[in-house]
2 protein chains.
Amino acid sequence: MNQRQVVSERKGSGRPGKNGDGAERHEAIHRSISDAIIEHRLKPGARLREDALSEVFGISRTGIRKILQRLALEQLVTLTPRRGASVTRPTAEEAKDVFDARQMVECGLMPEVARRITAADLEALRDMAGRERQALKAGEQSAAIKLSAAFHGRLAHISGNATLAAFVEQLCSRSSLILAVYGNAGHLGCESHDHDDLLGFLEGGDGERARAFMSRHLKAIEASLSIHEEEEETPDLYEIFAD
Amino acid sequence: MNQRQVVSERKGSGRPGKNGDGAERHEAIHRSISDAIIEHRLKPGARLREDALSEVFGISRTGIRKILQRLALEQLVTLTPRRGASVTRPTAEEAKDVFDARQMVECGLMPEVARRITAADLEALRDMAGRERQALKAGEQSAAIKLSAAFHGRLAHISGNATLAAFVEQLCSRSSLILAVYGNAGHLGCESHDHDDLLGFLEGGDGERARAFMSRHLKAIEASLSIHEEEEETPDLYEIFAD
DNA sequence: CGGGGGAAAAGCGTATACAATAATTCCGTC
DNA sequence: GACGGAATTATTGTATACGCTTTTCCCCCG
């Protein structure tokens, strides 16, 4: 594909182990794969072979498996028992569940966010929204998608509830996958200046209006999807040939 | 301790690999440890050494590490870089976050649950509530705690949203840990017949009343905690000896 | 020419070995 | 007798080796 310069420092060096900071390394690899999925550089259904990944990142399969397993818990990859890992292809039902969950949690968080948001938060968020619009205009869908998810995640963090914020982040990642499967190319994700408008309500401290706007915003994204329920993994032949 | 008969079939048998159904095995071990934590047979702060666990369950450290990692993602155990795993000891802040999250999600789910609940669901839930009361009366705190968490989890599943239901289950598990740290012995968890009352509202299809009742129910549990913020892990000596 | 069976290959699951680091204990010196 | 340091021990981190399952490809038979 196109990412080749990921990380190759000390790849062919004879020393196998010799770790300096293994934990951060793993974190970096996790983010690297996670980003590739969220940005649609790895598309739903793509297989992730352990050997290939271990070679690319220069660590053994042990470490890769650990990361793959974590990604599976985050619902970004699917682990099929003897078949290995692949990028998750969300079902229509999962898509509905994820957006219903976002509706409940993100909207529910808005009043508290409006109460706690600071000038520094607003500045950072406006910057993100601006860069997102810019990326969208420049046709860089990957960057725009990632920025949109980051915006929603950052917003949730302002509520002060780390548990709910982490949940929102996970939902946003999954939403990105859903967009990849059911989104129409063209007007994808949070286009327009919805995000800027939302920040306006939050700056004014109007939590209820922000909640209502967030609700419409999410509904608009969900409505833009075309849920056509691809052919099932195990088509029900009895139903198909019931005549 | 007291669990010794866990599983020892084919333990000393020479064959190392020879797996029949590794996945189910791992699932069982995960549940075994998870239950032990939720039932307070393993208390917060308890260390979980990999060697010991691998010997108890008769699998190698590889499998144990996998399970430990999953438990860490579920926030039931804490993985300290070079120090191994231990049962998570929730902070006061985490406790607040968890209960706020439950307040938002579980209450928000009630209307939909009231809409979809069936007679079979009601019967199963009443059975669980009954067994919980019975266990509480018999002084079996462990069983009561697990049944309470299971009740809330089962309830959430009726909403039909698997994502939110899984989240609720996780929150309930963590609540069990919170009870272990901050709960007063004596009246712990959902005593009385709160659960039965709730089922009454749901049976009547009154989603709004069920939501309000669930809100009070959760507030009551949270209020029964004594958040005294144990000595911090790194006490601020400068502040303590500031005079 | 198409389909099925078998052999080879590829890839995952698990265990084990080795290296590195944190904890503990023991000994020497002050 | 106590404190500091060094060696030993205990425990985690990582890699690698091996077995088993699945898949693929090729050849043979129909």
# chains A, B, ... in the order shown; residues from 1 in each chain; ligands from 1
$ calpha_fit_and_write --fixed "chain A" --moving "chain B" --output "PDB file with C-alpha atoms, in the first residue's frame"
ATOM      1  CA  MET B   1       0.279   0.182   0.173  1.00  0.00           C
ATOM      2  CA  ASN B   2       1.589   3.576   1.063  1.00  0.00           C
ATOM      3  CA  GLN B   3       2.960   3.450   4.563  1.00  0.00           C
ATOM      4  CA  ARG B   4       6.424   2.109   4.332  1.00  0.00           C
ATOM      5  CA  GLN B   5       8.452   4.463   6.432  1.00  0.00           C
ATOM      6  CA  VAL B   6       6.527   3.601   9.552  1.00  0.00           C
ATOM      7  CA  VAL B   7       9.397   2.656  11.770  1.00  0.00           C
ATOM      8  CA  SER B   8      12.404   0.663  10.849  1.00  0.00           C
ATOM      9  CA  GLU B   9      15.077   1.848  13.246  1.00  0.00           C
ATOM     10  CA  ARG B  10      16.961  -1.105  14.575  1.00  0.00           C
ATOM     11  CA  LYS B  11      15.189  -3.662  12.452  1.00  0.00           C
ATOM     12  CA  GLY B  12      17.861  -5.987  11.217  1.00  0.00           C
ATOM     13  CA  SER B  13      20.103  -5.410  14.218  1.00  0.00           C
ATOM     14  CA  GLY B  14      21.184  -8.687  15.694  1.00  0.00           C
ATOM     15  CA  ARG B  15      20.003  -7.953  19.189  1.00  0.00           C
ATOM     16  CA  PRO B  16      16.560  -9.410  19.564  1.00  0.00           C
ATOM     17  CA  GLY B  17      15.330  -8.178  22.908  1.00  0.00           C
ATOM     18  CA  LYS B  18      17.227  -5.113  24.080  1.00  0.00           C
ATOM     19  CA  ASN B  19      14.123  -3.117  24.753  1.00  0.00           C
ATOM     20  CA  GLY B  20      14.388   0.494  25.647  1.00  0.00           C
ATOM     21  CA  ASP B  21      10.753   1.359  26.090  1.00  0.00           C
ATOM     22  CA  GLY B  22       8.568  -1.465  24.972  1.00  0.00           C
ATOM     23  CA  ALA B  23       5.356  -0.045  26.322  1.00  0.00           C
ATOM     24  CA  GLU B  24       5.532   3.163  24.334  1.00  0.00           C
ATOM     25  CA  ARG B  25       6.461   1.188  21.284  1.00  0.00           C
ATOM     26  CA  HIS B  26       3.359  -0.927  21.582  1.00  0.00           C
ATOM     27  CA  GLU B  27       1.290   2.146  22.146  1.00  0.00           C
ATOM     28  CA  ALA B  28       2.652   3.679  18.986  1.00  0.00           C
ATOM     29  CA  ILE B  29       1.947   0.586  16.931  1.00  0.00           C
ATOM     30  CA  HIS B  30      -1.543   0.380  18.326  1.00  0.00           C
ATOM     31  CA  ARG B  31      -2.219   3.947  17.331  1.00  0.00           C
ATOM     32  CA  SER B  32      -0.668   3.348  13.952  1.00  0.00           C
ATOM     33  CA  ILE B  33      -3.000   0.489  13.138  1.00  0.00           C
ATOM     34  CA  SER B  34      -5.935   2.170  14.810  1.00  0.00           C
ATOM     35  CA  ASP B  35      -5.419   5.308  12.746  1.00  0.00           C
ATOM     36  CA  ALA B  36      -5.122   3.308   9.555  1.00  0.00           C
ATOM     37  CA  ILE B  37      -8.488   1.719  10.261  1.00  0.00           C
ATOM     38  CA  ILE B  38     -10.200   4.930  11.310  1.00  0.00           C
ATOM     39  CA  GLU B  39      -8.880   6.728   8.245  1.00  0.00           C
ATOM     40  CA  HIS B  40     -10.114   3.949   5.987  1.00  0.00           C
ATOM     41  CA  ARG B  41      -6.652   3.144   4.733  1.00  0.00           C
ATOM     42  CA  LEU B  42      -7.512  -0.319   5.988  1.00  0.00           C
ATOM     43  CA  LYS B  43     -11.026  -1.119   4.882  1.00  0.00           C
ATOM     44  CA  PRO B  44     -13.556  -3.295   6.683  1.00  0.00           C
ATOM     45  CA  GLY B  45     -12.956  -6.933   5.894  1.00  0.00           C
ATOM     46  CA  ALA B  46      -9.243  -6.472   5.265  1.00  0.00           C
ATOM     47  CA  ARG B  47      -7.240  -9.314   6.717  1.00  0.00           C
ATOM     48  CA  LEU B  48      -4.462  -8.541   9.173  1.00  0.00           C
ATOM     49  CA  ARG B  49      -1.954 -11.365   9.126  1.00  0.00           C
ATOM     50  CA  GLU B  50       0.276 -11.561  12.142  1.00  0.00           C
ATOM     51  CA  ASP B  51       3.421 -12.359  10.207  1.00  0.00           C
ATOM     52  CA  ALA B  52       2.969  -9.412   7.897  1.00  0.00           C
ATOM     53  CA  LEU B  53       2.351  -6.988  10.743  1.00  0.00           C
ATOM     54  CA  SER B  54       5.248  -8.295  12.780  1.00  0.00           C
ATOM     55  CA  GLU B  55       7.541  -7.799   9.811  1.00  0.00           C
ATOM     56  CA  VAL B  56       6.261  -4.310   9.071  1.00  0.00           C
ATOM     57  CA  PHE B  57       6.686  -3.087  12.627  1.00  0.00           C
ATOM     58  CA  GLY B  58       9.812  -5.062  13.399  1.00  0.00           C
ATOM     59  CA  ILE B  59       8.549  -6.827  16.491  1.00  0.00           C
ATOM     60  CA  SER B  60       7.671 -10.450  17.014  1.00  0.00           C
ATOM     61  CA  ARG B  61       4.238 -11.947  16.687  1.00  0.00           C
ATOM     62  CA  THR B  62       3.846 -11.938  20.452  1.00  0.00           C
ATOM     63  CA  GLY B  63       3.596  -8.190  20.573  1.00  0.00           C
ATOM     64  CA  ILE B  64       1.388  -8.050  17.504  1.00  0.00           C
ATOM     65  CA  ARG B  65      -1.049 -10.514  19.008  1.00  0.00           C
ATOM     66  CA  LYS B  66      -1.288  -8.382  22.115  1.00  0.00           C
ATOM     67  CA  ILE B  67      -2.146  -5.325  20.077  1.00  0.00           C
ATOM     68  CA  LEU B  68      -4.564  -7.218  17.867  1.00  0.00           C
ATOM     69  CA  GLN B  69      -6.349  -8.483  20.920  1.00  0.00           C
ATOM     70  CA  ARG B  70      -6.731  -5.005  22.307  1.00  0.00           C
ATOM     71  CA  LEU B  71      -8.071  -3.773  18.992  1.00  0.00           C
ATOM     72  CA  ALA B  72     -10.564  -6.621  19.092  1.00  0.00           C
ATOM     73  CA  LEU B  73     -11.794  -5.547  22.529  1.00  0.00           C
ATOM     74  CA  GLU B  74     -12.232  -2.073  21.102  1.00  0.00           C
ATOM     75  CA  GLN B  75     -14.305  -3.619  18.315  1.00  0.00           C
ATOM     76  CA  LEU B  76     -12.066  -2.297  15.563  1.00  0.00           C
ATOM     77  CA  VAL B  77     -10.910  -5.729  14.454  1.00  0.00           C
ATOM     78  CA  THR B  78     -12.652  -9.057  14.568  1.00  0.00           C
ATOM     79  CA  LEU B  79     -10.769 -12.106  15.767  1.00  0.00           C
ATOM     80  CA  THR B  80     -12.055 -15.300  14.192  1.00  0.00           C
ATOM     81  CA  PRO B  81     -10.830 -18.367  16.067  1.00  0.00           C
ATOM     82  CA  ARG B  82      -8.576 -20.118  13.595  1.00  0.00           C
ATOM     83  CA  ARG B  83      -8.721 -17.580  10.854  1.00  0.00           C
ATOM     84  CA  GLY B  84      -6.926 -14.621  12.272  1.00  0.00           C
ATOM     85  CA  ALA B  85      -7.770 -10.955  12.478  1.00  0.00           C
ATOM     86  CA  SER B  86      -9.597  -8.707  10.065  1.00  0.00           C
ATOM     87  CA  VAL B  87     -10.965  -5.191  10.168  1.00  0.00           C
ATOM     88  CA  THR B  88     -14.455  -5.326  11.621  1.00  0.00           C
ATOM     89  CA  ARG B  89     -17.351  -4.967   9.228  1.00  0.00           C
ATOM     90  CA  PRO B  90     -20.156  -3.573  11.396  1.00  0.00           C
ATOM     91  CA  THR B  91     -23.618  -4.974  10.864  1.00  0.00           C
ATOM     92  CA  ALA B  92     -26.622  -2.729  10.403  1.00  0.00           C
ATOM     93  CA  GLU B  93     -27.743  -3.584  13.900  1.00  0.00           C
ATOM     94  CA  GLU B  94     -24.409  -2.603  15.388  1.00  0.00           C
ATOM     95  CA  ALA B  95     -24.554   0.641  13.487  1.00  0.00           C
ATOM     96  CA  LYS B  96     -27.923   1.439  14.984  1.00  0.00           C
ATOM     97  CA  ASP B  97     -26.718   0.523  18.479  1.00  0.00           C
ATOM     98  CA  VAL B  98     -23.651   2.702  18.178  1.00  0.00           C
ATOM     99  CA  PHE B  99     -25.589   5.737  17.061  1.00  0.00           C
ATOM    100  CA  ASP B 100     -28.251   5.229  19.698  1.00  0.00           C
ATOM    101  CA  ALA B 101     -25.498   5.023  22.296  1.00  0.00           C
ATOM    102  CA  ARG B 102     -23.886   8.187  20.998  1.00  0.00           C
ATOM    103  CA  GLN B 103     -27.243   9.886  21.079  1.00  0.00           C
ATOM    104  CA  MET B 104     -27.679   9.000  24.718  1.00  0.00           C
ATOM    105  CA  VAL B 105     -24.190   9.656  25.972  1.00  0.00           C
ATOM    106  CA  GLU B 106     -22.943  12.558  23.907  1.00  0.00           C
ATOM    107  CA  CYS B 107     -26.178  14.475  24.232  1.00  0.00           C
ATOM    108  CA  GLY B 108     -26.364  13.708  27.910  1.00  0.00           C
ATOM    109  CA  LEU B 109     -22.888  15.077  28.388  1.00  0.00           C
ATOM    110  CA  MET B 110     -23.537  18.445  26.749  1.00  0.00           C
ATOM    111  CA  PRO B 111     -24.952  20.293  29.759  1.00  0.00           C
ATOM    112  CA  GLU B 112     -21.964  19.396  31.894  1.00  0.00           C
ATOM    113  CA  VAL B 113     -19.600  20.269  29.059  1.00  0.00           C
ATOM    114  CA  ALA B 114     -21.261  23.656  28.658  1.00  0.00           C
ATOM    115  CA  ARG B 115     -20.749  24.225  32.377  1.00  0.00           C
ATOM    116  CA  ARG B 116     -17.070  23.323  32.428  1.00  0.00           C
ATOM    117  CA  ILE B 117     -15.713  24.411  29.071  1.00  0.00           C
ATOM    118  CA  THR B 118     -12.894  26.948  29.228  1.00  0.00           C
ATOM    119  CA  ALA B 119     -11.537  29.473  26.795  1.00  0.00           C
ATOM    120  CA  ALA B 120      -8.533  27.252  26.129  1.00  0.00           C
ATOM    121  CA  ASP B 121     -10.830  24.340  25.320  1.00  0.00           C
ATOM    122  CA  LEU B 122     -12.810  26.499  22.938  1.00  0.00           C
ATOM    123  CA  GLU B 123      -9.711  27.628  21.170  1.00  0.00           C
ATOM    124  CA  ALA B 124      -8.394  24.110  20.732  1.00  0.00           C
ATOM    125  CA  LEU B 125     -11.758  22.853  19.528  1.00  0.00           C
ATOM    126  CA  ARG B 126     -12.190  25.665  17.059  1.00  0.00           C
ATOM    127  CA  ASP B 127      -8.774  24.874  15.714  1.00  0.00           C
ATOM    128  CA  MET B 128      -9.742  21.255  15.238  1.00  0.00           C
ATOM    129  CA  ALA B 129     -13.015  22.182  13.590  1.00  0.00           C
ATOM    130  CA  GLY B 130     -11.172  24.545  11.289  1.00  0.00           C
ATOM    131  CA  ARG B 131      -8.624  21.971  10.284  1.00  0.00           C
ATOM    132  CA  GLU B 132     -11.407  19.500   9.685  1.00  0.00           C
ATOM    133  CA  ARG B 133     -13.222  21.877   7.349  1.00  0.00           C
ATOM    134  CA  GLN B 134      -9.972  22.594   5.601  1.00  0.00           C
ATOM    135  CA  ALA B 135      -9.189  18.905   5.132  1.00  0.00           C
ATOM    136  CA  LEU B 136     -12.667  18.295   3.808  1.00  0.00           C
ATOM    137  CA  LYS B 137     -12.286  21.115   1.327  1.00  0.00           C
ATOM    138  CA  ALA B 138      -8.925  19.765   0.197  1.00  0.00           C
ATOM    139  CA  GLY B 139     -10.473  16.373  -0.427  1.00  0.00           C
ATOM    140  CA  GLU B 140      -8.453  14.681   2.289  1.00  0.00           C
ATOM    141  CA  GLN B 141     -11.184  12.445   3.581  1.00  0.00           C
ATOM    142  CA  SER B 142      -8.895  10.427   5.817  1.00  0.00           C
ATOM    143  CA  ALA B 143      -7.710  13.428   7.760  1.00  0.00           C
ATOM    144  CA  ALA B 144     -11.222  14.840   8.027  1.00  0.00           C
ATOM    145  CA  ILE B 145     -12.643  11.634   9.406  1.00  0.00           C
ATOM    146  CA  LYS B 146      -9.967  11.362  12.040  1.00  0.00           C
ATOM    147  CA  LEU B 147     -10.352  14.994  13.034  1.00  0.00           C
ATOM    148  CA  SER B 148     -14.093  14.620  13.373  1.00  0.00           C
ATOM    149  CA  ALA B 149     -13.728  11.656  15.703  1.00  0.00           C
ATOM    150  CA  ALA B 150     -11.075  13.503  17.663  1.00  0.00           C
ATOM    151  CA  PHE B 151     -13.364  16.504  18.002  1.00  0.00           C
ATOM    152  CA  HIS B 152     -16.169  14.492  19.510  1.00  0.00           C
ATOM    153  CA  GLY B 153     -13.750  12.674  21.788  1.00  0.00           C
ATOM    154  CA  ARG B 154     -12.126  15.848  23.004  1.00  0.00           C
ATOM    155  CA  LEU B 155     -15.508  17.342  23.681  1.00  0.00           C
ATOM    156  CA  ALA B 156     -16.512  14.393  25.820  1.00  0.00           C
ATOM    157  CA  HIS B 157     -13.345  14.704  27.885  1.00  0.00           C
ATOM    158  CA  ILE B 158     -14.285  18.203  28.960  1.00  0.00           C
ATOM    159  CA  SER B 159     -17.148  16.732  30.958  1.00  0.00           C
ATOM    160  CA  GLY B 160     -14.553  15.500  33.416  1.00  0.00           C
ATOM    161  CA  ASN B 161     -15.893  11.952  33.345  1.00  0.00           C
ATOM    162  CA  ALA B 162     -13.016   9.847  32.044  1.00  0.00           C
ATOM    163  CA  THR B 163     -15.082   6.674  31.864  1.00  0.00           C
ATOM    164  CA  LEU B 164     -17.768   8.164  29.682  1.00  0.00           C
ATOM    165  CA  ALA B 165     -15.188   9.997  27.609  1.00  0.00           C
ATOM    166  CA  ALA B 166     -13.352   6.775  26.851  1.00  0.00           C
ATOM    167  CA  PHE B 167     -16.642   5.196  25.880  1.00  0.00           C
ATOM    168  CA  VAL B 168     -17.416   8.056  23.525  1.00  0.00           C
ATOM    169  CA  GLU B 169     -14.010   7.736  21.929  1.00  0.00           C
ATOM    170  CA  GLN B 170     -14.663   4.091  21.280  1.00  0.00           C
ATOM    171  CA  LEU B 171     -18.053   4.861  19.808  1.00  0.00           C
ATOM    172  CA  CYS B 172     -16.504   7.451  17.505  1.00  0.00           C
ATOM    173  CA  SER B 173     -13.933   4.966  16.267  1.00  0.00           C
ATOM    174  CA  ARG B 174     -16.659   2.498  15.505  1.00  0.00           C
ATOM    175  CA  SER B 175     -18.663   5.217  13.807  1.00  0.00           C
ATOM    176  CA  SER B 176     -15.767   5.727  11.481  1.00  0.00           C
ATOM    177  CA  LEU B 177     -15.977   2.069  10.529  1.00  0.00           C
ATOM    178  CA  ILE B 178     -19.705   2.391  10.034  1.00  0.00           C
ATOM    179  CA  LEU B 179     -19.159   5.321   7.706  1.00  0.00           C
ATOM    180  CA  ALA B 180     -16.736   3.210   5.706  1.00  0.00           C
ATOM    181  CA  VAL B 181     -19.359   0.539   5.140  1.00  0.00           C
ATOM    182  CA  TYR B 182     -22.620   2.430   4.935  1.00  0.00           C
ATOM    183  CA  GLY B 183     -21.571   5.981   4.148  1.00  0.00           C
ATOM    184  CA  ASN B 184     -22.168   7.484   0.751  1.00  0.00           C
ATOM    185  CA  ALA B 185     -19.036   8.861  -0.761  1.00  0.00           C
ATOM    186  CA  GLY B 186     -19.516  12.549  -1.274  1.00  0.00           C
ATOM    187  CA  HIS B 187     -21.047  14.118   1.783  1.00  0.00           C
ATOM    188  CA  LEU B 188     -19.564  12.083   4.568  1.00  0.00           C
ATOM    189  CA  GLY B 189     -19.289  12.731   8.249  1.00  0.00           C
ATOM    190  CA  CYS B 190     -19.794  16.030   9.946  1.00  0.00           C
ATOM    191  CA  GLU B 191     -19.521  18.406   7.064  1.00  0.00           C
ATOM    192  CA  SER B 192     -20.717  21.976   6.965  1.00  0.00           C
ATOM    193  CA  HIS B 193     -19.958  23.956  10.063  1.00  0.00           C
ATOM    194  CA  ASP B 194     -22.013  21.980  12.506  1.00  0.00           C
ATOM    195  CA  HIS B 195     -19.078  21.747  14.836  1.00  0.00           C
ATOM    196  CA  ASP B 196     -18.542  25.482  14.854  1.00  0.00           C
ATOM    197  CA  ASP B 197     -22.206  26.102  15.534  1.00  0.00           C
ATOM    198  CA  LEU B 198     -22.080  23.682  18.431  1.00  0.00           C
ATOM    199  CA  LEU B 199     -19.119  25.504  19.899  1.00  0.00           C
ATOM    200  CA  GLY B 200     -21.134  28.697  19.728  1.00  0.00           C
ATOM    201  CA  PHE B 201     -23.839  27.256  21.956  1.00  0.00           C
ATOM    202  CA  LEU B 202     -21.269  25.883  24.359  1.00  0.00           C
ATOM    203  CA  GLU B 203     -19.464  29.182  24.571  1.00  0.00           C
ATOM    204  CA  GLY B 204     -22.734  30.814  25.532  1.00  0.00           C
ATOM    205  CA  GLY B 205     -23.146  28.231  28.288  1.00  0.00           C
ATOM    206  CA  ASP B 206     -26.433  27.072  26.822  1.00  0.00           C
ATOM    207  CA  GLY B 207     -26.224  23.375  27.657  1.00  0.00           C
ATOM    208  CA  GLU B 208     -29.770  22.540  26.667  1.00  0.00           C
ATOM    209  CA  ARG B 209     -29.464  24.066  23.259  1.00  0.00           C
ATOM    210  CA  ALA B 210     -26.124  22.352  22.750  1.00  0.00           C
ATOM    211  CA  ARG B 211     -27.741  19.051  23.657  1.00  0.00           C
ATOM    212  CA  ALA B 212     -30.545  19.573  21.163  1.00  0.00           C
ATOM    213  CA  PHE B 213     -28.094  20.581  18.473  1.00  0.00           C
ATOM    214  CA  MET B 214     -25.882  17.576  19.118  1.00  0.00           C
ATOM    215  CA  SER B 215     -28.937  15.385  18.849  1.00  0.00           C
ATOM    216  CA  ARG B 216     -29.824  16.807  15.457  1.00  0.00           C
ATOM    217  CA  HIS B 217     -26.187  16.597  14.397  1.00  0.00           C
ATOM    218  CA  LEU B 218     -25.976  12.887  15.178  1.00  0.00           C
ATOM    219  CA  LYS B 219     -29.361  12.193  13.643  1.00  0.00           C
ATOM    220  CA  ALA B 220     -28.200  13.927  10.480  1.00  0.00           C
ATOM    221  CA  ILE B 221     -25.118  11.772  10.242  1.00  0.00           C
ATOM    222  CA  GLU B 222     -27.102   8.619  10.849  1.00  0.00           C
ATOM    223  CA  ALA B 223     -29.720   9.641   8.313  1.00  0.00           C
ATOM    224  CA  SER B 224     -27.031  10.150   5.695  1.00  0.00           C
ATOM    225  CA  LEU B 225     -26.115   6.486   5.891  1.00  0.00           C
ATOM    226  CA  SER B 226     -27.530   4.027   3.442  1.00  0.00           C
ATOM    227  CA  ILE B 227     -28.198   0.946   5.469  1.00  0.00           C
ATOM    228  CA  HIS B 228     -28.704  -1.646   2.827  1.00  0.00           C
ATOM    229  CA  GLU B 229     -27.650  -4.601   4.923  1.00  0.00           C
ATOM    230  CA  GLU B 230     -25.086  -6.151   2.600  1.00  0.00           C
ATOM    231  CA  GLU B 231     -25.515  -9.778   1.794  1.00  0.00           C
ATOM    232  CA  GLU B 232     -25.348 -11.634   5.061  1.00  0.00           C
ATOM    233  CA  GLU B 233     -22.352 -13.693   5.914  1.00  0.00           C
ATOM    234  CA  THR B 234     -24.503 -16.817   5.828  1.00  0.00           C
ATOM    235  CA  PRO B 235     -27.337 -16.204   3.420  1.00  0.00           C
ATOM    236  CA  ASP B 236     -30.486 -18.055   4.287  1.00  0.00           C
ATOM    237  CA  LEU B 237     -30.829 -20.231   1.214  1.00  0.00           C
ATOM    238  CA  TYR B 238     -34.074 -21.751   2.418  1.00  0.00           C
ATOM    239  CA  GLU B 239     -35.681 -18.358   2.474  1.00  0.00           C
ATOM    240  CA  ILE B 240     -34.224 -17.293  -0.849  1.00  0.00           C
ATOM    241  CA  PHE B 241     -35.343 -20.425  -2.699  1.00  0.00           C
ATOM    242  CA  ALA B 242     -38.607 -20.884  -0.819  1.00  0.00           C
ATOM    243  CA  ASP B 243     -40.781 -20.934  -3.938  1.00  0.00           C
TER     244      ASP B 243
END
$ select_by_dssp --residues "range 71-145 of chain A" --states "strand (DSSP E or B)" --output "short mmCIF file (atom, residue, chain, number, x, y, z; two decimals) with N, CA and C atoms, in the first residue's frame"
data_model
loop_
_atom_site.label_atom_id
_atom_site.label_comp_id
_atom_site.auth_asym_id
_atom_site.auth_seq_id
_atom_site.Cartn_x
_atom_site.Cartn_y
_atom_site.Cartn_z
N VAL A 77 -11.15 -4.52 15.21
CA VAL A 77 -10.85 -5.69 14.40
C VAL A 77 -11.64 -6.87 14.95
N THR A 78 -11.89 -7.82 14.09
CA THR A 78 -12.62 -9.02 14.46
C THR A 78 -11.65 -10.19 14.47
N LEU A 79 -11.68 -10.96 15.54
CA LEU A 79 -10.77 -12.10 15.67
C LEU A 79 -11.55 -13.39 15.44
N THR A 80 -11.35 -14.01 14.29
CA THR A 80 -12.05 -15.26 14.03
C THR A 80 -11.15 -16.41 14.44
N GLY A 84 -7.65 -15.82 12.07
CA GLY A 84 -6.88 -14.60 12.21
C GLY A 84 -7.72 -13.35 12.35
N ALA A 85 -7.08 -12.21 12.18
CA ALA A 85 -7.71 -10.92 12.42
C ALA A 85 -8.05 -10.22 11.12
N SER A 86 -9.13 -9.47 11.15
CA SER A 86 -9.50 -8.65 10.00
C SER A 86 -10.20 -7.40 10.52
N VAL A 87 -10.17 -6.35 9.73
CA VAL A 87 -10.85 -5.12 10.13
C VAL A 87 -12.35 -5.38 10.20
#
$ residues_around --residues "DA8 in chain C" --least-positions-apart "5" --cutoff "10 Å" --atoms "only C-alpha atoms (C1' of nucleotides)" --output "PDB file with C-alpha atoms (C1' of nucleotides), in the first residue's frame"
ATOM      1  C1'  DT D  24      -4.860 -23.734  -1.597  1.00  0.00           C
ATOM      2  C1'  DC D  25      -3.193 -25.874  -5.523  1.00  0.00           C
ATOM      3  C1'  DC D  26      -2.371 -29.592  -8.481  1.00  0.00           C
TER       4       DC D  26
END
$ interface_residues --of "chain D" --to "chain B" --cutoff "9 Å" --atoms "only C-alpha atoms (C1' of nucleotides)" --output "PyMOL selection string"
chain D and resi 11-13+19-20
$ write_last_selection --atoms "N, CA and C atoms (P, O5', C5', C4', C3', O3' and C1' of nucleotides)" --output "PDB file, in the first residue's frame"
ATOM      1  P    DT D  11       7.521 -14.857  42.867  1.00  0.00           P
ATOM      2  O5'  DT D  11       7.276 -13.944  41.593  1.00  0.00           O
ATOM      3  C5'  DT D  11       7.504 -12.535  41.695  1.00  0.00           C
ATOM      4  C4'  DT D  11       7.511 -11.911  40.320  1.00  0.00           C
ATOM      5  C3'  DT D  11       6.565 -12.577  39.309  1.00  0.00           C
ATOM      6  O3'  DT D  11       5.824 -11.571  38.651  1.00  0.00           O
ATOM      7  C1'  DT D  11       8.695 -12.331  38.374  1.00  0.00           C
ATOM      8  P    DT D  12       4.589 -11.963  37.719  1.00  0.00           P
ATOM      9  O5'  DT D  12       4.873 -10.989  36.478  1.00  0.00           O
ATOM     10  C5'  DT D  12       5.161  -9.630  36.729  1.00  0.00           C
ATOM     11  C4'  DT D  12       6.090  -9.080  35.656  1.00  0.00           C
ATOM     12  C3'  DT D  12       5.499  -9.068  34.237  1.00  0.00           C
ATOM     13  O3'  DT D  12       5.710  -7.794  33.653  1.00  0.00           O
ATOM     14  C1'  DT D  12       7.614 -10.093  34.225  1.00  0.00           C
ATOM     15  P    DG D  13       5.106  -7.465  32.212  1.00  0.00           P
ATOM     16  O5'  DG D  13       6.336  -7.686  31.228  1.00  0.00           O
ATOM     17  C5'  DG D  13       7.289  -6.648  31.080  1.00  0.00           C
ATOM     18  C4'  DG D  13       8.194  -6.944  29.892  1.00  0.00           C
ATOM     19  C3'  DG D  13       7.458  -7.089  28.560  1.00  0.00           C
ATOM     20  O3'  DG D  13       8.221  -6.422  27.552  1.00  0.00           O
ATOM     21  C1'  DG D  13       8.711  -9.054  28.998  1.00  0.00           C
ATOM     22  P    DG D  19       6.209 -30.875  16.928  1.00  0.00           P
ATOM     23  O5'  DG D  19       4.627 -30.992  17.098  1.00  0.00           O
ATOM     24  C5'  DG D  19       4.039 -30.673  18.352  1.00  0.00           C
ATOM     25  C4'  DG D  19       2.616 -30.172  18.152  1.00  0.00           C
ATOM     26  C3'  DG D  19       1.808 -30.974  17.119  1.00  0.00           C
ATOM     27  O3'  DG D  19       0.480 -31.116  17.597  1.00  0.00           O
ATOM     28  C1'  DG D  19       1.822 -28.708  16.507  1.00  0.00           C
ATOM     29  P    DC D  20      -0.466 -32.228  16.999  1.00  0.00           P
ATOM     30  O5'  DC D  20      -1.781 -31.430  16.625  1.00  0.00           O
ATOM     31  C5'  DC D  20      -2.176 -30.306  17.409  1.00  0.00           C
ATOM     32  C4'  DC D  20      -3.004 -29.347  16.574  1.00  0.00           C
ATOM     33  C3'  DC D  20      -3.892 -30.028  15.519  1.00  0.00           C
ATOM     34  O3'  DC D  20      -5.175 -29.432  15.549  1.00  0.00           O
ATOM     35  C1'  DC D  20      -2.574 -28.384  14.495  1.00  0.00           C
TER      36       DC D  20
END
$ closest_atom_pairs --of "chain C" --to "chain A" --cutoff "9 Å" --atoms "only C-alpha atoms (C1' of nucleotides)" --output "JSON lines"
{"residue": "C:DG11", "atom": "C1'", "partner": "A:Arg49", "partner_atom": "CA", "distance": 7.9}
{"residue": "C:DC12", "atom": "C1'", "partner": "A:Arg82", "partner_atom": "CA", "distance": 5.8}
{"residue": "C:DG13", "atom": "C1'", "partner": "A:Arg82", "partner_atom": "CA", "distance": 8.2}
{"residue": "C:DA19", "atom": "C1'", "partner": "A:Gly17", "partner_atom": "CA", "distance": 8.1}
{"residue": "C:DA20", "atom": "C1'", "partner": "A:Lys18", "partner_atom": "CA", "distance": 8.8}
